[in-house]
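What's in data.cif: mmCIF, C-alpha atoms
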```
data_run
loop_
_atom_site.label_atom_id
_atom_site.label_comp_id
_atom_site.auth_asym_id
_atom_site.auth_seq_id
_atom_site.Cartn_x
_atom_site.Cartn_y
_atom_site.Cartn_z
CA MET A 200 -71.48 -11.11 58.68
CA TYR A 201 -72.27 -8.15 56.40
CA LYS A 202 -68.95 -8.60 54.61
CA THR A 203 -69.57 -12.32 54.34
CA ILE A 204 -72.93 -11.75 52.68
CA LEU A 205 -71.39 -9.35 50.17
CA CYS A 206 -68.75 -11.94 49.31
CA MET A 207 -71.39 -14.61 48.87
CA LEU A 208 -73.38 -12.31 46.61
CA ALA A 209 -70.39 -12.19 44.28
CA ILE A 210 -70.73 -15.94 43.70
CA ALA A 211 -74.54 -16.07 43.87
CA GLY A 212 -75.00 -16.91 40.22
CA ALA A 213 -72.33 -19.60 40.22
CA GLY A 214 -73.87 -21.37 43.19
CA TYR A 215 -77.33 -21.25 41.71
CA ALA A 216 -76.10 -22.36 38.29
CA HIS A 217 -74.49 -25.42 39.88
CA ALA A 218 -77.95 -26.44 41.04
CA ALA A 219 -79.73 -25.46 37.84
CA GLY A 220 -77.25 -26.56 35.19
CA SER A 221 -73.72 -26.43 33.88
CA ASP A 222 -73.90 -23.08 32.03
CA THR A 223 -74.07 -19.74 33.82
CA LEU A 224 -74.99 -16.39 32.32
CA LYS A 225 -73.94 -13.23 34.15
CA LEU A 226 -76.49 -10.73 32.95
CA THR A 227 -76.67 -6.98 33.21
CA PHE A 228 -79.88 -5.51 31.84
CA ASP A 229 -78.09 -4.34 28.68
CA LYS A 230 -76.56 -7.75 28.03
CA ALA A 231 -79.86 -9.51 28.71
CA ASP A 232 -81.62 -7.20 26.24
CA SER A 233 -78.96 -7.86 23.59
CA LEU A 234 -79.23 -11.65 23.89
CA PHE A 235 -83.01 -11.45 24.11
CA LEU A 236 -83.27 -9.48 20.85
CA LYS A 237 -80.96 -11.97 19.15
CA ASN A 238 -82.28 -15.31 20.40
CA SER A 239 -85.90 -14.96 21.54
CA TYR A 240 -88.08 -17.40 19.60
CA ALA A 241 -91.19 -15.33 20.34
CA LEU A 242 -89.55 -12.26 18.77
CA LEU A 243 -88.34 -14.25 15.77
CA ALA A 244 -91.86 -15.55 15.21
CA SER A 245 -93.33 -12.06 15.50
CA GLN A 246 -90.70 -10.72 13.09
CA CYS A 247 -91.89 -13.26 10.53
CA ASN A 248 -95.35 -11.73 10.83
CA VAL A 249 -93.88 -8.29 10.02
CA SER A 250 -92.07 -9.75 7.00
CA ALA A 251 -95.28 -11.42 5.83
CA ALA A 252 -97.19 -8.14 6.09
CA THR A 253 -94.44 -6.43 4.07
CA ALA A 254 -94.74 -9.12 1.40
CA LEU A 255 -98.50 -8.50 1.19
CA ARG A 256 -97.75 -4.87 0.34
CA VAL A 257 -95.98 -6.14 -2.78
CA GLN A 258 -98.95 -8.38 -3.56
CA ALA A 259 -101.43 -5.50 -3.31
CA LYS A 260 -99.54 -3.56 -6.00
CA LEU A 261 -99.88 -6.33 -8.59
CA TYR A 262 -102.45 -6.03 -11.37
CA PRO A 263 -105.05 -8.77 -12.03
CA ASN A 264 -103.86 -11.40 -14.48
CA PRO A 265 -105.50 -11.51 -17.92
CA ASN A 266 -107.75 -14.46 -18.72
CA LEU A 267 -107.05 -16.46 -21.89
CA TYR A 268 -109.72 -18.64 -23.52
CA VAL A 269 -109.04 -20.86 -26.57
CA GLU A 270 -111.60 -23.05 -28.34
CA GLN A 271 -110.85 -25.48 -31.20
CA SER A 272 -113.49 -27.45 -33.09
CA LEU A 273 -113.19 -31.25 -32.95
CA VAL A 274 -115.11 -31.92 -36.18
CA ASN A 275 -113.88 -30.84 -39.66
CA LYS A 276 -113.85 -31.97 -43.33
CA THR A 277 -111.12 -34.49 -42.63
CA THR A 278 -113.09 -36.27 -39.90
CA ARG A 279 -116.48 -35.84 -41.69
CA PRO A 280 -116.46 -35.44 -45.46
CA ASN A 281 -119.89 -33.75 -45.51
CA TYR A 282 -119.11 -31.41 -42.59
CA ASP A 283 -118.82 -28.23 -44.67
CA THR A 284 -120.36 -27.92 -48.16
CA ASP A 285 -119.78 -24.19 -48.52
CA PRO A 286 -117.12 -23.88 -51.24
CA THR A 287 -115.74 -20.73 -49.59
CA ARG A 288 -114.92 -22.69 -46.44
CA THR A 289 -113.68 -25.95 -47.92
CA GLY A 290 -111.46 -27.75 -45.48
CA SER A 291 -111.86 -25.12 -42.70
CA THR A 292 -111.88 -25.73 -38.95
CA GLU A 293 -113.20 -23.45 -36.22
CA THR A 294 -110.83 -21.67 -33.82
CA ILE A 295 -111.86 -19.10 -31.21
CA LEU A 296 -109.40 -17.02 -29.15
CA GLN A 297 -110.42 -14.65 -26.34
CA VAL A 298 -108.25 -12.52 -24.02
CA GLN A 299 -110.02 -10.80 -21.11
CA GLN A 300 -108.54 -8.23 -18.73
CA LEU A 301 -110.24 -7.07 -15.52
CA ILE A 302 -109.99 -3.31 -14.97
CA LEU A 303 -110.48 -2.10 -11.39
CA LEU A 304 -112.43 1.14 -11.22
CA ALA A 305 -113.01 3.80 -8.53
CA GLY A 306 -109.40 3.58 -7.32
CA LYS A 307 -109.82 0.11 -5.81
CA ARG A 308 -106.20 -0.86 -6.47
CA ASN A 309 -104.79 2.21 -4.70
CA LYS A 310 -107.16 1.68 -1.80
CA GLN A 311 -106.04 -1.95 -1.51
CA ILE A 312 -102.41 -0.80 -1.52
CA LYS A 313 -103.19 1.67 1.28
CA LEU A 314 -104.84 -1.11 3.31
CA SER A 315 -101.76 -3.32 2.91
CA GLU A 316 -99.47 -0.47 4.01
CA ILE A 317 -101.54 0.17 7.12
CA ASN A 318 -101.60 -3.57 7.83
CA ALA A 319 -97.78 -3.60 7.66
CA LYS A 320 -97.67 -0.76 10.21
CA LEU A 321 -100.06 -2.72 12.42
CA ALA A 322 -97.75 -5.74 12.26
CA GLU A 323 -94.81 -3.53 13.27
CA ALA A 324 -96.80 -2.07 16.18
CA ASP A 325 -97.77 -5.59 17.29
CA PHE A 326 -94.09 -6.55 17.16
CA GLU A 327 -93.19 -3.54 19.32
CA ASN A 328 -95.94 -4.52 21.74
CA ILE A 329 -94.67 -8.10 22.04
CA LEU A 330 -91.13 -6.77 22.42
CA ARG A 331 -91.99 -4.41 25.28
CA THR A 332 -94.19 -7.01 27.03
CA LEU A 333 -91.43 -9.61 27.01
CA LYS A 334 -88.80 -7.03 27.99
CA LEU A 335 -90.95 -5.94 30.94
CA GLN A 336 -91.20 -9.55 32.14
CA LEU A 337 -87.48 -10.12 31.58
CA HIS A 338 -86.41 -7.03 33.55
CA GLU A 339 -88.82 -7.69 36.39
CA ASP A 340 -87.65 -11.31 36.63
CA LEU A 341 -83.97 -10.27 36.62
CA ALA A 342 -84.52 -7.69 39.37
CA ARG A 343 -86.57 -10.12 41.45
CA LEU A 344 -83.98 -12.87 40.98
CA TYR A 345 -81.18 -10.51 42.03
CA TYR A 346 -82.89 -9.45 45.25
CA ASN A 347 -84.06 -12.98 45.91
CA ASN A 348 -80.42 -14.05 45.80
CA VAL A 349 -79.52 -11.28 48.25
CA SER A 350 -82.28 -12.47 50.58
CA LEU A 351 -81.47 -16.15 50.07
CA PHE A 352 -77.78 -15.93 50.87
CA TYR A 353 -78.47 -13.73 53.85
CA LEU A 354 -80.85 -16.40 55.16
CA LEU A 355 -78.36 -19.18 54.45
CA GLU A 356 -75.71 -17.34 56.44
CA GLU A 357 -78.12 -16.70 59.29
CA ARG A 358 -79.15 -20.33 59.28
CA LYS A 359 -75.57 -21.42 59.85
CA SER A 360 -75.30 -19.23 62.93
CA ILE A 361 -78.64 -20.32 64.39
CA GLU A 362 -77.94 -23.99 63.65
CA GLU A 363 -74.55 -23.79 65.31
CA LEU A 364 -76.10 -22.11 68.36
CA SER A 365 -78.88 -24.72 68.50
CA GLY A 366 -76.32 -27.55 68.39
CA ASN A 367 -74.36 -26.07 71.27
CA LEU A 368 -77.50 -25.65 73.36
CA GLU A 369 -78.49 -29.28 72.77
CA LEU A 370 -75.23 -30.34 74.40
CA GLN A 371 -75.98 -28.07 77.34
CA VAL A 372 -79.48 -29.55 77.62
CA LYS A 373 -77.97 -33.01 78.01
CA ASN A 374 -75.75 -31.68 80.78
CA GLY A 375 -78.71 -29.97 82.44
CA TYR A 376 -77.44 -26.43 82.02
CA VAL A 377 -80.17 -25.23 79.64
CA SER A 378 -83.87 -26.03 79.46
CA LEU A 379 -85.26 -27.94 76.49
CA ASN A 380 -87.63 -25.02 75.89
CA GLU A 381 -84.77 -22.86 74.56
CA VAL A 382 -83.64 -25.50 72.06
CA VAL A 383 -87.17 -26.07 70.79
CA ARG A 384 -87.70 -22.31 70.47
CA LEU A 385 -84.48 -21.96 68.46
CA LYS A 386 -85.45 -24.89 66.25
CA SER A 387 -88.78 -23.16 65.60
CA LEU A 388 -86.83 -20.10 64.53
CA LEU A 389 -84.64 -22.34 62.37
CA LEU A 390 -87.74 -23.92 60.79
CA GLU A 391 -89.07 -20.49 59.87
CA ILE A 392 -85.75 -19.61 58.23
CA ASP A 393 -85.80 -22.92 56.34
CA LYS A 394 -89.29 -22.12 55.12
CA ASN A 395 -88.08 -18.71 53.87
CA ILE A 396 -85.12 -20.35 52.15
CA SER A 397 -87.40 -22.90 50.50
CA ASP A 398 -89.77 -20.18 49.25
CA TYR A 399 -86.95 -18.07 47.78
CA SER A 400 -85.28 -21.12 46.21
CA ILE A 401 -88.47 -22.33 44.51
CA ASN A 402 -89.21 -18.80 43.34
CA ASN A 403 -85.69 -18.55 41.91
CA PHE A 404 -86.09 -21.75 39.93
CA ASN A 405 -89.37 -20.46 38.49
CA LEU A 406 -87.82 -17.07 37.66
CA THR A 407 -84.82 -18.70 35.99
CA ALA A 408 -87.09 -20.96 33.92
CA GLU A 409 -89.10 -17.94 32.78
CA ILE A 410 -85.96 -15.94 31.93
CA ASN A 411 -84.57 -18.85 29.89
CA THR A 412 -87.89 -19.19 28.06
CA ILE A 413 -88.03 -15.47 27.22
CA MET A 414 -84.39 -15.31 26.11
CA GLY A 415 -84.38 -18.60 24.21
CA ASN A 416 -81.66 -20.11 26.43
CA LYS A 417 -81.08 -23.78 27.09
CA PRO A 418 -83.46 -24.95 29.84
CA ASP A 419 -80.64 -25.81 32.27
CA THR A 420 -78.88 -22.43 31.98
CA GLY A 421 -78.19 -20.75 35.32
CA ILE A 422 -78.76 -17.00 35.59
CA LYS A 423 -76.74 -14.54 37.64
CA PRO A 424 -78.24 -11.03 37.44
CA VAL A 425 -75.80 -8.16 37.89
CA ILE A 426 -77.16 -4.79 38.98
CA ARG A 427 -74.34 -2.26 38.80
CA SER A 428 -76.31 0.71 40.07
CA VAL A 429 -79.72 1.61 41.34
CA ALA A 430 -80.31 4.68 39.19
CA GLY A 431 -83.84 3.51 38.65
CA VAL A 432 -84.42 3.63 42.40
CA SER A 433 -82.75 6.93 43.28
CA LEU A 434 -83.60 8.88 40.13
CA GLN A 435 -85.46 12.14 40.69
CA MET A 436 -88.72 11.74 38.81
CA PRO A 437 -90.00 14.41 36.41
CA PRO A 438 -93.69 15.47 36.66
CA VAL A 439 -96.15 12.73 35.81
CA ASN A 440 -97.57 14.79 32.92
CA ASN A 441 -94.27 14.34 31.09
CA PHE A 442 -94.85 10.60 31.09
CA LEU A 443 -98.44 10.99 29.92
CA ASP A 444 -97.30 13.12 26.97
CA SER A 445 -94.55 10.65 26.08
CA ALA A 446 -96.99 7.72 26.13
CA THR A 447 -99.15 9.32 23.43
CA VAL A 448 -96.09 9.32 21.15
CA TYR A 449 -94.30 6.08 22.02
CA ASN A 450 -96.83 3.62 23.44
CA PRO A 451 -97.16 0.81 20.83
CA GLU A 452 -100.69 -0.08 21.92
CA LEU A 453 -101.89 3.47 21.33
CA LYS A 454 -100.06 3.56 18.00
CA SER A 455 -101.71 0.28 17.11
CA TYR A 456 -105.18 1.69 17.82
CA ASN A 457 -104.42 4.74 15.65
CA TYR A 458 -103.40 2.40 12.85
CA ARG A 459 -106.61 0.40 13.39
CA ILE A 460 -108.63 3.58 12.96
CA ASP A 461 -106.74 4.31 9.73
CA TYR A 462 -107.37 0.73 8.64
CA ALA A 463 -111.11 1.01 9.41
CA LYS A 464 -111.32 4.26 7.44
CA ALA A 465 -109.42 2.74 4.52
CA THR A 466 -111.74 -0.27 4.62
CA TYR A 467 -114.75 2.07 4.56
CA ALA A 468 -113.33 3.87 1.51
CA LEU A 469 -112.66 0.55 -0.24
CA ASN A 470 -116.17 -0.74 0.50
CA LYS A 471 -117.65 2.44 -0.98
CA ALA A 472 -115.48 1.92 -4.06
CA GLN A 473 -116.68 -1.69 -4.26
CA ALA A 474 -120.14 -0.32 -5.01
CA VAL A 475 -118.75 0.72 -8.39
CA PRO A 476 -118.59 -2.35 -10.66
CA ASP A 477 -115.31 -3.29 -12.30
CA ALA A 478 -114.98 -3.25 -16.08
CA SER A 479 -113.83 -6.10 -18.24
CA LEU A 480 -111.97 -5.46 -21.53
CA GLN A 481 -112.07 -8.36 -23.98
CA PHE A 482 -110.37 -9.13 -27.29
CA THR A 483 -111.89 -11.89 -29.48
CA TYR A 484 -110.59 -13.71 -32.56
CA ASP A 485 -112.95 -16.07 -34.44
CA LYS A 486 -111.52 -17.96 -37.40
CA SER A 487 -114.59 -19.42 -39.09
CA GLY A 488 -117.65 -19.07 -36.90
CA ASN A 489 -118.65 -15.50 -37.55
CA TYR A 490 -120.20 -13.59 -40.46
CA ILE A 491 -116.72 -13.20 -41.95
CA ARG A 492 -113.67 -15.36 -41.89
CA ASN A 493 -110.97 -14.32 -39.35
CA TYR A 494 -113.20 -12.12 -37.25
CA TYR A 495 -111.54 -9.69 -34.78
CA GLY A 496 -113.57 -8.01 -32.08
CA LEU A 497 -113.05 -5.76 -29.01
CA GLY A 498 -115.59 -5.81 -26.18
CA LEU A 499 -116.20 -3.99 -22.92
CA GLY A 500 -118.27 -5.46 -20.08
CA ILE A 501 -119.51 -4.13 -16.75
CA GLN A 502 -121.95 -5.30 -14.10
CA LEU A 503 -125.08 -3.27 -13.56
CA PRO A 504 -125.31 -2.24 -9.89
CA THR A 505 -129.01 -2.88 -9.73
CA TRP A 506 -129.38 -4.91 -6.54
CA ASN A 507 -125.99 -5.15 -4.89
CA ARG A 508 -124.29 -1.82 -4.24
CA ASN A 509 -122.28 -3.16 -1.28
CA GLN A 510 -124.63 -1.34 1.11
CA GLY A 511 -124.17 -3.76 4.01
CA TYR A 512 -120.35 -3.69 4.00
CA VAL A 513 -120.32 0.12 3.70
CA LYS A 514 -122.56 0.50 6.75
CA ALA A 515 -120.66 -2.15 8.76
CA SER A 516 -117.29 -0.51 8.04
CA LYS A 517 -118.66 2.84 9.19
CA PHE A 518 -119.65 1.31 12.52
CA GLN A 519 -116.18 -0.26 12.70
CA ILE A 520 -114.63 3.23 12.57
CA ASN A 521 -116.77 4.37 15.52
CA GLN A 522 -115.97 1.22 17.47
CA THR A 523 -112.21 1.58 16.98
CA GLU A 524 -112.25 5.28 17.91
CA ASN A 525 -114.02 4.44 21.18
CA GLU A 526 -111.54 1.62 21.85
CA LEU A 527 -108.69 4.10 21.38
CA LYS A 528 -110.24 6.49 23.92
CA GLN A 529 -110.66 3.60 26.37
CA GLU A 530 -107.02 2.57 25.91
CA GLN A 531 -105.84 6.16 26.40
CA VAL A 532 -107.70 6.34 29.71
CA SER A 533 -106.32 2.95 30.76
CA VAL A 534 -102.70 3.84 29.90
CA ALA A 535 -102.93 7.23 31.64
CA SER A 536 -104.49 5.70 34.78
CA ASN A 537 -101.88 2.96 34.99
CA ILE A 538 -99.02 5.43 34.48
CA ILE A 539 -100.33 7.60 37.32
CA ALA A 540 -100.73 4.54 39.58
CA SER A 541 -97.21 3.27 38.81
CA TYR A 542 -95.76 6.77 39.18
CA TYR A 543 -97.13 7.29 42.68
CA ALA A 544 -96.28 3.73 43.71
CA TYR A 545 -92.72 4.47 42.59
CA GLU A 546 -92.74 7.71 44.60
CA VAL A 547 -93.97 5.90 47.71
CA ASN A 548 -91.25 3.26 47.47
CA LYS A 549 -88.65 5.92 46.70
CA LYS A 550 -89.57 7.82 49.88
CA ILE A 551 -89.09 4.63 51.87
CA LEU A 552 -85.68 4.03 50.31
CA ASP A 553 -84.67 7.67 50.81
CA THR A 554 -85.63 7.34 54.47
CA TYR A 555 -83.89 3.99 55.03
CA LYS A 556 -80.64 4.30 53.11
CA ASP A 557 -77.67 1.93 52.94
CA ASP A 558 -76.60 2.95 56.46
CA TYR A 559 -79.86 1.55 57.83
CA GLU A 560 -79.32 -1.71 55.94
CA ARG A 561 -75.85 -2.10 57.43
CA GLU A 562 -77.18 -1.22 60.88
CA LEU A 563 -79.84 -3.93 60.64
CA LEU A 564 -77.25 -6.56 59.76
CA GLN A 565 -74.97 -5.37 62.52
CA LEU A 566 -77.81 -5.40 65.07
CA MET A 567 -78.67 -8.99 64.17
CA ASP A 568 -75.05 -9.95 64.80
CA ASN A 569 -75.07 -8.09 68.11
CA VAL A 570 -78.32 -9.69 69.23
CA LEU A 571 -76.96 -13.15 68.46
CA GLU A 572 -73.69 -12.47 70.30
CA ASN A 573 -75.52 -11.03 73.32
CA TYR A 574 -77.74 -14.09 73.51
CA LYS A 575 -74.69 -16.39 73.38
CA LYS A 576 -73.21 -14.41 76.29
CA ARG A 577 -76.55 -14.67 78.13
CA GLN A 578 -76.91 -10.91 78.15
CA LEU A 579 -80.32 -11.36 76.46
CA GLY A 580 -83.09 -13.78 77.37
CA LEU A 581 -84.57 -16.19 74.84
CA ASN A 582 -87.77 -14.23 74.24
CA GLU A 583 -85.91 -10.94 73.80
CA PHE A 584 -83.46 -12.55 71.40
CA VAL A 585 -86.17 -14.14 69.25
CA ASN A 586 -88.30 -10.98 69.17
CA TYR A 587 -85.37 -8.74 68.24
CA TYR A 588 -83.98 -11.20 65.75
CA GLU A 589 -87.26 -11.81 63.90
CA SER A 590 -88.02 -8.08 63.83
CA TYR A 591 -84.61 -7.19 62.33
CA LYS A 592 -84.76 -10.09 59.90
CA GLN A 593 -88.20 -9.12 58.63
CA SER A 594 -87.17 -5.47 58.33
CA TYR A 595 -84.16 -6.43 56.22
CA LEU A 596 -86.19 -8.68 53.92
CA SER A 597 -88.88 -6.01 53.61
CA LEU A 598 -86.26 -3.43 52.64
CA LEU A 599 -84.99 -5.71 49.87
CA ASP A 600 -88.57 -6.26 48.73
CA VAL A 601 -89.15 -2.49 48.49
CA LYS A 602 -86.01 -2.18 46.33
CA SER A 603 -87.23 -4.92 44.04
CA GLN A 604 -90.71 -3.38 43.87
CA SER A 605 -89.22 0.00 43.00
CA PHE A 606 -87.51 -1.57 40.00
CA SER A 607 -90.84 -3.11 38.98
CA ASN A 608 -92.60 0.26 39.23
CA ALA A 609 -89.92 1.92 37.10
CA GLU A 610 -90.07 -0.82 34.50
CA GLU A 611 -93.87 -0.70 34.49
CA MET A 612 -93.72 2.99 33.60
CA ASN A 613 -91.22 2.29 30.81
CA PHE A 614 -93.63 -0.36 29.55
CA LEU A 615 -96.63 1.97 29.61
CA ILE A 616 -94.73 4.83 28.02
CA GLY A 617 -93.26 2.57 25.33
CA LYS A 618 -89.74 3.89 25.77
CA ALA A 619 -86.99 3.51 28.38
CA ILE A 620 -87.47 6.88 30.09
CA ILE A 621 -86.18 5.52 33.41
CA LYS A 622 -82.84 3.79 32.88
CA TYR A 623 -80.76 1.70 35.22
CA GLU A 624 -78.04 -0.95 35.03
#
```
Would you mind giving the structure from this file in structure tokens?
Amino acid sequence: MYKTILCMLAIAGAGYAHAAGSDTLKLTFDKADSLFLKNSYALLASQCNVSAATALRVQAKLYPNPNLYVEQSLVNKTTRPNYDTDPTRTGSTETILQVQQLILLAGKRNKQIKLSEINAKLAEADFENILRTLKLQLHEDLARLYYNNVSLFYLLEERKSIEELSGNLELQVKNGYVSLNEVVRLKSLLLEIDKNISDYSINNFNLTAEINTIMGNKPDTGIKPVIRSVAGVSLQMPPVNNFLDSATVYNPELKSYNYRIDYAKATYALNKAQAVPDASLQFTYDKSGNYIRNYYGLGLGIQLPTWNRNQGYVKASKFQINQTENELKQEQVSVASNIIASYYAYEVNKKILDTYKDDYERELLQLMDNVLENYKKRQLGLNEFVNYYESYKQSYLSLLDVKSQSFSNAEEMNFLIGKAIIKYE
């Protein structure tokens, strides 16, 4: 039976894809990541946000546009003969031309440029955060789907054996050789297996739907995960402090909070600069309305900071710096705590897997075969058979669950660190 299950695992994806849709994707983690980076709609949308933030950096470097004002009189000597009796202005009309340029003082433009640059870094950090969150979900779903398929096809194979045995006993019941109690007990065992199969099948459909959503696949695409090795399970872990140090460098959420602190400080500097009024440089041309004909003038204007010196915004932005610094400290504690929890959970599962290696897995499958054969030969009673069989079955499923959970713990640490420190295929 063990060889049969291994053979069925080789076609697990194809069988599932037949139920889910016509297309089947055989996915290693590397291939899944490659397609995910290329096709994920969520990533494409987030990338647009990064591009938009980059465009705003260009906008921040632009100077304010000058303001042009032109005024032309509607009444003149042609429209009103008595309009102008001054012989020096006979036939004149009035024309006024003004050009005004805003001049930002106190380094406001450079401070706005710095804000836009920090905002672009924030957008990139947010993109990294979305990327790692989706990748975490994708890897966990692929690992769970793989081990679900192992469990599912094992149960399907076991169901065939139990169903065949139950059918044979029903014939013996009719002939009076076996009590009805044995058949009913076997059918109860069969019902439990069917319930397990149903649970794994529904879970697989949900996992496949989530994987297709994350990767941007067609909804009816079938998924066949391929795990070539279990390096992530058997890898000797470095000290947990190594992971804590790496997280301070690579974790996108921590980087994002550092950028937010920089942004809050830059906002504070800009608000202080806003207390300094901007100047306005103005050129004026007046054709006939001034004390001389064709008047040219140059003016300089500035607001007097009598009442509004931007006091409220300056104080608010200072509080914003303190708030963001405290949020960073909170996030550092949270990341460190979660890394330690995932690290020791990984170690616990690793000890279990080191204790119960592949030999134990093969022994469990062999024992289940032996128990079934001994019951057929009447060398085991019904109660002994059911007790042994359910115990071995549950042990096997629990072992697969520990393997899957170990992958999740490893991927959780990669997520918290912000870099693939623990690698597997």
Quiz item: For the atom pair atom CA of Ser533 of chain A and atom CA of Ala446 of chain A, what is the interatomic distance in Å to one decimal place?
Solution: 11.5 Å
Practice problem: Would you work out the distance separating atom CA of Leu226 of chain A from atom CA of Lys550 of chain A, expressed in Å to one decimal? | Solution: 28.3 Å
Practice problem: Determine the residue membership of the PyMOL selection byres ((chain A and resi 356-364) around 10) for the file above and supply it as a PyMOL selection string. | Solution: chain A and resi 200-201+203-204+207+351-355+365-369+382+385-386+388-393+396+567-568+571+574-575+592
Let me see the file: selected residues, C-alpha atoms, as a PDB file, keeping the file's coordinate frame.
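This is the output file again_22.pdb:
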```pdb
ATOM      1  CA  MET A 200     -71.480 -11.110  58.680  1.00  0.00           C
ATOM      2  CA  TYR A 201     -72.270  -8.150  56.400  1.00  0.00           C
ATOM      3  CA  THR A 203     -69.570 -12.320  54.340  1.00  0.00           C
ATOM      4  CA  ILE A 204     -72.930 -11.750  52.680  1.00  0.00           C
ATOM      5  CA  MET A 207     -71.390 -14.610  48.870  1.00  0.00           C
ATOM      6  CA  LEU A 351     -81.470 -16.150  50.070  1.00  0.00           C
ATOM      7  CA  PHE A 352     -77.780 -15.930  50.870  1.00  0.00           C
ATOM      8  CA  TYR A 353     -78.470 -13.730  53.850  1.00  0.00           C
ATOM      9  CA  LEU A 354     -80.850 -16.400  55.160  1.00  0.00           C
ATOM     10  CA  LEU A 355     -78.360 -19.180  54.450  1.00  0.00           C
ATOM     11  CA  SER A 365     -78.880 -24.720  68.500  1.00  0.00           C
ATOM     12  CA  GLY A 366     -76.320 -27.550  68.390  1.00  0.00           C
ATOM     13  CA  ASN A 367     -74.360 -26.070  71.270  1.00  0.00           C
ATOM     14  CA  LEU A 368     -77.500 -25.650  73.360  1.00  0.00           C
ATOM     15  CA  GLU A 369     -78.490 -29.280  72.770  1.00  0.00           C
ATOM     16  CA  VAL A 382     -83.640 -25.500  72.060  1.00  0.00           C
ATOM     17  CA  LEU A 385     -84.480 -21.960  68.460  1.00  0.00           C
ATOM     18  CA  LYS A 386     -85.450 -24.890  66.250  1.00  0.00           C
ATOM     19  CA  LEU A 388     -86.830 -20.100  64.530  1.00  0.00           C
ATOM     20  CA  LEU A 389     -84.640 -22.340  62.370  1.00  0.00           C
ATOM     21  CA  LEU A 390     -87.740 -23.920  60.790  1.00  0.00           C
ATOM     22  CA  GLU A 391     -89.070 -20.490  59.870  1.00  0.00           C
ATOM     23  CA  ILE A 392     -85.750 -19.610  58.230  1.00  0.00           C
ATOM     24  CA  ASP A 393     -85.800 -22.920  56.340  1.00  0.00           C
ATOM     25  CA  ILE A 396     -85.120 -20.350  52.150  1.00  0.00           C
ATOM     26  CA  MET A 567     -78.670  -8.990  64.170  1.00  0.00           C
ATOM     27  CA  ASP A 568     -75.050  -9.950  64.800  1.00  0.00           C
ATOM     28  CA  LEU A 571     -76.960 -13.150  68.460  1.00  0.00           C
ATOM     29  CA  TYR A 574     -77.740 -14.090  73.510  1.00  0.00           C
ATOM     30  CA  LYS A 575     -74.690 -16.390  73.380  1.00  0.00           C
ATOM     31  CA  LYS A 592     -84.760 -10.090  59.900  1.00  0.00           C
TER      32      LYS A 592
END
```
Quiz item: So what do you get for atom CA of Ala305 of chain A versus atom CA of Gln473 of chain A, distance-wise?
Solution: 7.9 Å
Exercise. Tell me which of A:Asp444, A:Glu546, A:Glu562, A:Asp232 sits closest to Asn608 of chain A, counting all atoms listed in the file.
Key: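 Checking each candidate against Asn608 of chain A, we get A:Glu546 as the closest.
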Quiz prompt | Counting only C-alpha atoms, the residue of A:Thr294, A:Thr223, A:Gln371, A:Asn318 that sits nearest Asn248 of chain A | solution =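 Ranking A:Thr294, A:Thr223, A:Gln371, A:Asn318 by distance to Asn248 of chain A, first place goes to A:Asn318.
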So that I can check the surroundings of segment 476-483 of chain A, please list as a PDB file with C-alpha atoms, keeping the file's coordinate frame every protein, DNA and RNA residue that reaches within 6 Å of it, counting only C-alpha atoms and ignoring chain neighbours fewer than 3 positions away.
```pdb
ATOM      1  CA  LEU A 296    -109.400 -17.020 -29.150  1.00  0.00           C
ATOM      2  CA  GLN A 297    -110.420 -14.650 -26.340  1.00  0.00           C
ATOM      3  CA  VAL A 298    -108.250 -12.520 -24.020  1.00  0.00           C
ATOM      4  CA  GLN A 299    -110.020 -10.800 -21.110  1.00  0.00           C
ATOM      5  CA  GLN A 300    -108.540  -8.230 -18.730  1.00  0.00           C
ATOM      6  CA  LEU A 301    -110.240  -7.070 -15.520  1.00  0.00           C
ATOM      7  CA  ILE A 302    -109.990  -3.310 -14.970  1.00  0.00           C
ATOM      8  CA  LEU A 303    -110.480  -2.100 -11.390  1.00  0.00           C
ATOM      9  CA  LEU A 304    -112.430   1.140 -11.220  1.00  0.00           C
ATOM     10  CA  TYR A 495    -111.540  -9.690 -34.780  1.00  0.00           C
ATOM     11  CA  GLY A 496    -113.570  -8.010 -32.080  1.00  0.00           C
ATOM     12  CA  LEU A 497    -113.050  -5.760 -29.010  1.00  0.00           C
ATOM     13  CA  GLY A 498    -115.590  -5.810 -26.180  1.00  0.00           C
ATOM     14  CA  LEU A 499    -116.200  -3.990 -22.920  1.00  0.00           C
ATOM     15  CA  GLY A 500    -118.270  -5.460 -20.080  1.00  0.00           C
ATOM     16  CA  ILE A 501    -119.510  -4.130 -16.750  1.00  0.00           C
ATOM     17  CA  GLN A 502    -121.950  -5.300 -14.100  1.00  0.00           C
TER      18      GLN A 502
END
```
Run through the PyMOL selection byres ((chain A and resi 253-258) around 8) on the given coordinates and return the selected residues as an mmCIF file with C-alpha atoms, in the coordinates of the input.
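Wrote it out as selection33.cif, contents follow:
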```cif
data_model
loop_
_atom_site.group_PDB
_atom_site.id
_atom_site.type_symbol
_atom_site.label_atom_id
_atom_site.label_comp_id
_atom_site.auth_asym_id
_atom_site.auth_seq_id
_atom_site.Cartn_x
_atom_site.Cartn_y
_atom_site.Cartn_z
ATOM 1 C CA VAL A 249 -93.880 -8.290 10.020
ATOM 2 C CA SER A 250 -92.070 -9.750 7.000
ATOM 3 C CA ALA A 251 -95.280 -11.420 5.830
ATOM 4 C CA ALA A 252 -97.190 -8.140 6.090
ATOM 5 C CA ALA A 259 -101.430 -5.500 -3.310
ATOM 6 C CA LYS A 260 -99.540 -3.560 -6.000
ATOM 7 C CA LEU A 261 -99.880 -6.330 -8.590
ATOM 8 C CA ILE A 312 -102.410 -0.800 -1.520
ATOM 9 C CA SER A 315 -101.760 -3.320 2.910
ATOM 10 C CA GLU A 316 -99.470 -0.470 4.010
ATOM 11 C CA ALA A 319 -97.780 -3.600 7.660
#
```
